file structure-v2.cif (mmCIF, C-alpha atoms)
data_data
loop_
_atom_site.label_atom_id
_atom_site.label_comp_id
_atom_site.auth_asym_id
_atom_site.auth_seq_id
_atom_site.Cartn_x
_atom_site.Cartn_y
_atom_site.Cartn_z
CA MET E 14 150.45 154.73 -21.39
CA ALA E 15 151.77 154.92 -17.82
CA ILE E 16 154.42 152.54 -16.59
CA PHE E 17 154.09 151.55 -12.95
CA GLU E 18 156.97 150.45 -10.77
CA GLY E 19 157.72 149.78 -7.13
CA ILE E 20 160.79 150.45 -5.04
CA GLY E 21 162.34 147.08 -5.91
CA VAL E 22 162.09 144.98 -2.76
CA GLN E 23 160.78 141.69 -1.54
CA PHE E 24 159.06 142.19 1.80
CA ASN E 25 157.19 140.30 4.48
CA LEU E 26 154.77 141.42 7.17
CA LEU E 27 155.88 140.43 10.67
CA ARG E 28 154.05 141.54 13.81
CA ASP E 29 152.39 144.35 11.86
CA SER E 30 155.70 145.66 10.51
CA ILE E 31 156.99 145.69 6.94
CA ILE E 32 160.33 143.87 6.90
CA ILE E 33 162.59 143.92 3.84
CA ILE E 34 163.54 140.38 2.85
CA GLU E 35 165.76 141.44 -0.02
CA PRO E 36 166.28 144.45 -2.27
CA ILE E 37 166.03 143.52 -5.93
CA GLY E 38 169.42 143.80 -7.60
CA GLY E 39 169.81 146.95 -9.66
CA GLY E 40 166.50 148.36 -8.42
CA PRO E 41 165.86 151.72 -6.76
CA SER E 42 166.02 150.31 -3.24
CA GLU E 43 169.44 148.74 -3.75
CA LYS E 44 170.75 152.00 -5.21
CA VAL E 45 169.82 153.92 -2.03
CA GLY E 46 171.18 151.32 0.38
CA ILE E 47 168.07 149.50 1.60
CA ARG E 48 169.12 146.16 3.09
CA ALA E 49 167.55 142.88 4.18
CA GLY E 50 166.14 143.24 7.68
CA ASP E 51 165.32 146.95 7.36
CA ARG E 52 161.81 147.94 8.50
CA ILE E 53 159.61 150.47 6.71
CA LEU E 54 158.05 152.83 9.27
CA THR E 55 156.34 155.38 7.01
CA ILE E 56 155.48 155.69 3.33
CA ASN E 57 154.98 159.27 2.09
CA GLN E 58 154.56 160.45 5.70
CA GLU E 59 151.86 157.84 6.44
CA LYS E 60 152.62 155.61 9.41
CA VAL E 61 152.51 151.98 8.26
CA THR E 62 153.41 150.18 11.50
CA GLY E 63 150.76 149.09 13.97
CA ILE E 64 147.88 149.74 11.54
CA ASN E 65 147.19 146.13 10.56
CA ILE E 66 148.30 146.78 6.98
CA SER E 67 147.87 144.03 4.39
CA THR E 68 150.27 142.92 1.67
CA THR E 69 147.95 144.56 -0.85
CA GLY E 70 148.02 147.76 1.20
CA VAL E 71 151.82 147.80 1.17
CA ARG E 72 151.99 147.18 -2.57
CA SER E 73 149.46 149.89 -3.36
CA ARG E 74 151.47 152.42 -1.34
CA LEU E 75 154.83 151.45 -2.89
CA MET E 76 153.72 151.29 -6.53
CA GLY E 77 153.44 154.34 -8.72
CA ARG E 78 154.30 155.87 -12.05
CA LYS E 79 157.90 155.31 -13.05
CA GLU E 80 158.83 158.96 -12.53
CA GLN E 81 156.96 159.27 -9.20
CA LYS E 82 159.06 159.51 -6.05
CA SER E 83 158.23 157.87 -2.73
CA VAL E 84 159.53 159.05 0.63
CA LEU E 85 160.17 156.22 3.08
CA LEU E 86 161.36 156.23 6.69
CA PHE E 87 163.32 153.15 7.65
CA THR E 88 164.92 151.65 10.68
CA GLY E 89 167.83 149.25 10.35
CA LYS E 90 167.89 145.58 11.25
CA GLU E 91 167.29 144.99 14.96
#
call {"tool": "encode", "arguments": {"input": "structure-v2.cif", "output": "structure tokens"}}
result
Amino acid sequence: MAIFEGIGVQFNLLRDSIIIIEPIGGGPSEKVGIRAGDRILTINQEKVTGINISTTGVRSRLMGRKEQKSVLLFTGKE
């Protein structure tokens, strides 16, 4: 049985950008320093800004098997 997890964030879509609302305490995102207000630009080298991505599209890209790694490119709070 596979266990699926995400990166441990609450996010919102704003003007076709993925904005971190809050990293979940103790989760992977908090451990690597992701902060509220950060924007996700790419997920596993796929551009995710300006592509009219949906909430479901974000979730499907951020979820994976527990041992699976995701590579994200972020920009800090504006």
call {"tool": "residues_around", "arguments": {"input": "structure-v2.cif", "residues": "segment 28-44 of chain E", "least_positions_apart": "3", "cutoff": "9 Å", "atoms": "only C-alpha atoms", "output": "ChimeraX atom specification"}}
result
/E:19-25,47-54,61-68,71,90
call {"tool": "resolve_selection", "arguments": {"input": "structure-v2.cif", "expression": "the PyMOL selection byres ((chain E and resi 57) around 10)", "output": "short mmCIF file (atom, residue, chain, number, x, y, z; two decimals) with C-alpha atoms, in the frame of the given file"}}
result
data_model
loop_
_atom_site.label_atom_id
_atom_site.label_comp_id
_atom_site.auth_asym_id
_atom_site.auth_seq_id
_atom_site.Cartn_x
_atom_site.Cartn_y
_atom_site.Cartn_z
CA THR E 55 156.34 155.38 7.01
CA ILE E 56 155.48 155.69 3.33
CA GLN E 58 154.56 160.45 5.70
CA GLU E 59 151.86 157.84 6.44
CA LYS E 60 152.62 155.61 9.41
CA VAL E 61 152.51 151.98 8.26
CA ARG E 74 151.47 152.42 -1.34
CA LEU E 75 154.83 151.45 -2.89
CA LYS E 82 159.06 159.51 -6.05
CA SER E 83 158.23 157.87 -2.73
CA VAL E 84 159.53 159.05 0.63
CA LEU E 85 160.17 156.22 3.08
CA LEU E 86 161.36 156.23 6.69
#
call {"tool": "closest_residue", "arguments": {"input": "structure-v2.cif", "among": "E:Gln81, E:Gly70, E:Thr88, E:Met76", "to": "Glu18 of chain E", "atoms": "all atoms listed in the file"}}
result
E:Met76
call {"tool": "decode", "arguments": {"input": "structure-v2.cif", "residues": "chain E", "atoms": "C-alpha atoms", "output": "PDB file, in the first residue's frame"}}
result
ATOM      1  CA  MET E  14       0.000   0.000   0.000  1.00  0.00           C
ATOM      2  CA  ALA E  15       1.405   3.395  -0.999  1.00  0.00           C
ATOM      3  CA  ILE E  16       1.163   6.367   1.310  1.00  0.00           C
ATOM      4  CA  PHE E  17       0.677   9.688  -0.443  1.00  0.00           C
ATOM      5  CA  GLU E  18       1.731  13.026   0.983  1.00  0.00           C
ATOM      6  CA  GLY E  19       2.120  16.616  -0.107  1.00  0.00           C
ATOM      7  CA  ILE E  20       4.700  19.237   0.763  1.00  0.00           C
ATOM      8  CA  GLY E  21       2.735  20.429   3.791  1.00  0.00           C
ATOM      9  CA  VAL E  22       1.326  23.827   2.844  1.00  0.00           C
ATOM     10  CA  GLN E  23      -1.916  25.689   2.639  1.00  0.00           C
ATOM     11  CA  PHE E  24      -2.032  27.652  -0.608  1.00  0.00           C
ATOM     12  CA  ASN E  25      -4.251  29.967  -2.591  1.00  0.00           C
ATOM     13  CA  LEU E  26      -4.352  30.874  -6.266  1.00  0.00           C
ATOM     14  CA  LEU E  27      -4.041  34.612  -6.879  1.00  0.00           C
ATOM     15  CA  ARG E  28      -3.757  36.123 -10.359  1.00  0.00           C
ATOM     16  CA  ASP E  29      -2.696  32.740 -11.746  1.00  0.00           C
ATOM     17  CA  SER E  30       0.066  32.304  -9.155  1.00  0.00           C
ATOM     18  CA  ILE E  31       0.339  29.773  -6.336  1.00  0.00           C
ATOM     19  CA  ILE E  32       0.767  31.716  -3.091  1.00  0.00           C
ATOM     20  CA  ILE E  33       1.673  29.962   0.165  1.00  0.00           C
ATOM     21  CA  ILE E  34      -0.790  30.910   2.895  1.00  0.00           C
ATOM     22  CA  GLU E  35       0.937  28.906   5.595  1.00  0.00           C
ATOM     23  CA  PRO E  36       3.357  25.997   5.876  1.00  0.00           C
ATOM     24  CA  ILE E  37       1.952  23.215   8.029  1.00  0.00           C
ATOM     25  CA  GLY E  38       3.890  22.957  11.283  1.00  0.00           C
ATOM     26  CA  GLY E  39       6.378  20.104  11.312  1.00  0.00           C
ATOM     27  CA  GLY E  40       5.799  19.359   7.625  1.00  0.00           C
ATOM     28  CA  PRO E  41       8.386  19.152   4.844  1.00  0.00           C
ATOM     29  CA  SER E  42       7.817  22.731   3.696  1.00  0.00           C
ATOM     30  CA  GLU E  43       8.429  24.196   7.146  1.00  0.00           C
ATOM     31  CA  LYS E  44      11.617  22.150   7.490  1.00  0.00           C
ATOM     32  CA  VAL E  45      13.080  23.687   4.305  1.00  0.00           C
ATOM     33  CA  GLY E  46      12.081  27.261   5.141  1.00  0.00           C
ATOM     34  CA  ILE E  47       9.001  27.865   2.990  1.00  0.00           C
ATOM     35  CA  ARG E  48       7.105  30.849   4.397  1.00  0.00           C
ATOM     36  CA  ALA E  49       3.703  32.499   4.070  1.00  0.00           C
ATOM     37  CA  GLY E  50       3.676  34.766   1.030  1.00  0.00           C
ATOM     38  CA  ASP E  51       6.163  32.699  -0.989  1.00  0.00           C
ATOM     39  CA  ARG E  52       5.115  31.954  -4.587  1.00  0.00           C
ATOM     40  CA  ILE E  53       5.665  28.626  -6.338  1.00  0.00           C
ATOM     41  CA  LEU E  54       7.041  29.242  -9.846  1.00  0.00           C
ATOM     42  CA  THR E  55       7.814  25.691 -10.990  1.00  0.00           C
ATOM     43  CA  ILE E  56       7.069  22.160  -9.803  1.00  0.00           C
ATOM     44  CA  ASN E  57       9.506  19.497 -11.040  1.00  0.00           C
ATOM     45  CA  GLN E  58      10.729  21.889 -13.761  1.00  0.00           C
ATOM     46  CA  GLU E  59       7.176  22.560 -15.017  1.00  0.00           C
ATOM     47  CA  LYS E  60       6.210  26.234 -15.085  1.00  0.00           C
ATOM     48  CA  VAL E  61       3.047  26.689 -13.002  1.00  0.00           C
ATOM     49  CA  THR E  62       2.551  30.459 -13.293  1.00  0.00           C
ATOM     50  CA  GLY E  63       0.501  31.991 -16.072  1.00  0.00           C
ATOM     51  CA  ILE E  64      -0.953  28.631 -17.179  1.00  0.00           C
ATOM     52  CA  ASN E  65      -4.400  29.016 -15.627  1.00  0.00           C
ATOM     53  CA  ILE E  66      -3.733  26.162 -13.200  1.00  0.00           C
ATOM     54  CA  SER E  67      -6.570  24.945 -10.971  1.00  0.00           C
ATOM     55  CA  THR E  68      -6.472  24.005  -7.293  1.00  0.00           C
ATOM     56  CA  THR E  69      -6.818  20.371  -8.361  1.00  0.00           C
ATOM     57  CA  GLY E  70      -3.898  20.823 -10.764  1.00  0.00           C
ATOM     58  CA  VAL E  71      -1.705  22.190  -7.973  1.00  0.00           C
ATOM     59  CA  ARG E  72      -2.621  19.369  -5.609  1.00  0.00           C
ATOM     60  CA  SER E  73      -1.983  16.679  -8.203  1.00  0.00           C
ATOM     61  CA  ARG E  74       1.491  18.088  -8.875  1.00  0.00           C
ATOM     62  CA  LEU E  75       2.406  18.431  -5.177  1.00  0.00           C
ATOM     63  CA  MET E  76       1.138  15.037  -3.992  1.00  0.00           C
ATOM     64  CA  GLY E  77       3.149  11.867  -4.347  1.00  0.00           C
ATOM     65  CA  ARG E  78       4.414   8.782  -2.606  1.00  0.00           C
ATOM     66  CA  LYS E  79       5.883   9.499   0.803  1.00  0.00           C
ATOM     67  CA  GLU E  80       9.438   8.804  -0.347  1.00  0.00           C
ATOM     68  CA  GLN E  81       9.080  10.773  -3.614  1.00  0.00           C
ATOM     69  CA  LYS E  82      10.910  14.096  -3.844  1.00  0.00           C
ATOM     70  CA  SER E  83       9.562  17.229  -5.512  1.00  0.00           C
ATOM     71  CA  VAL E  84      11.728  20.046  -6.833  1.00  0.00           C
ATOM     72  CA  LEU E  85      10.144  23.472  -6.457  1.00  0.00           C
ATOM     73  CA  LEU E  86      11.325  26.926  -7.502  1.00  0.00           C
ATOM     74  CA  PHE E  87      10.083  29.706  -5.251  1.00  0.00           C
ATOM     75  CA  THR E  88      10.199  33.438  -5.045  1.00  0.00           C
ATOM     76  CA  GLY E  89       9.874  35.204  -1.707  1.00  0.00           C
ATOM     77  CA  LYS E  90       7.063  37.458  -0.579  1.00  0.00           C
ATOM     78  CA  GLU E  91       6.748  40.580  -2.729  1.00  0.00           C
TER      79      GLU E  91
END
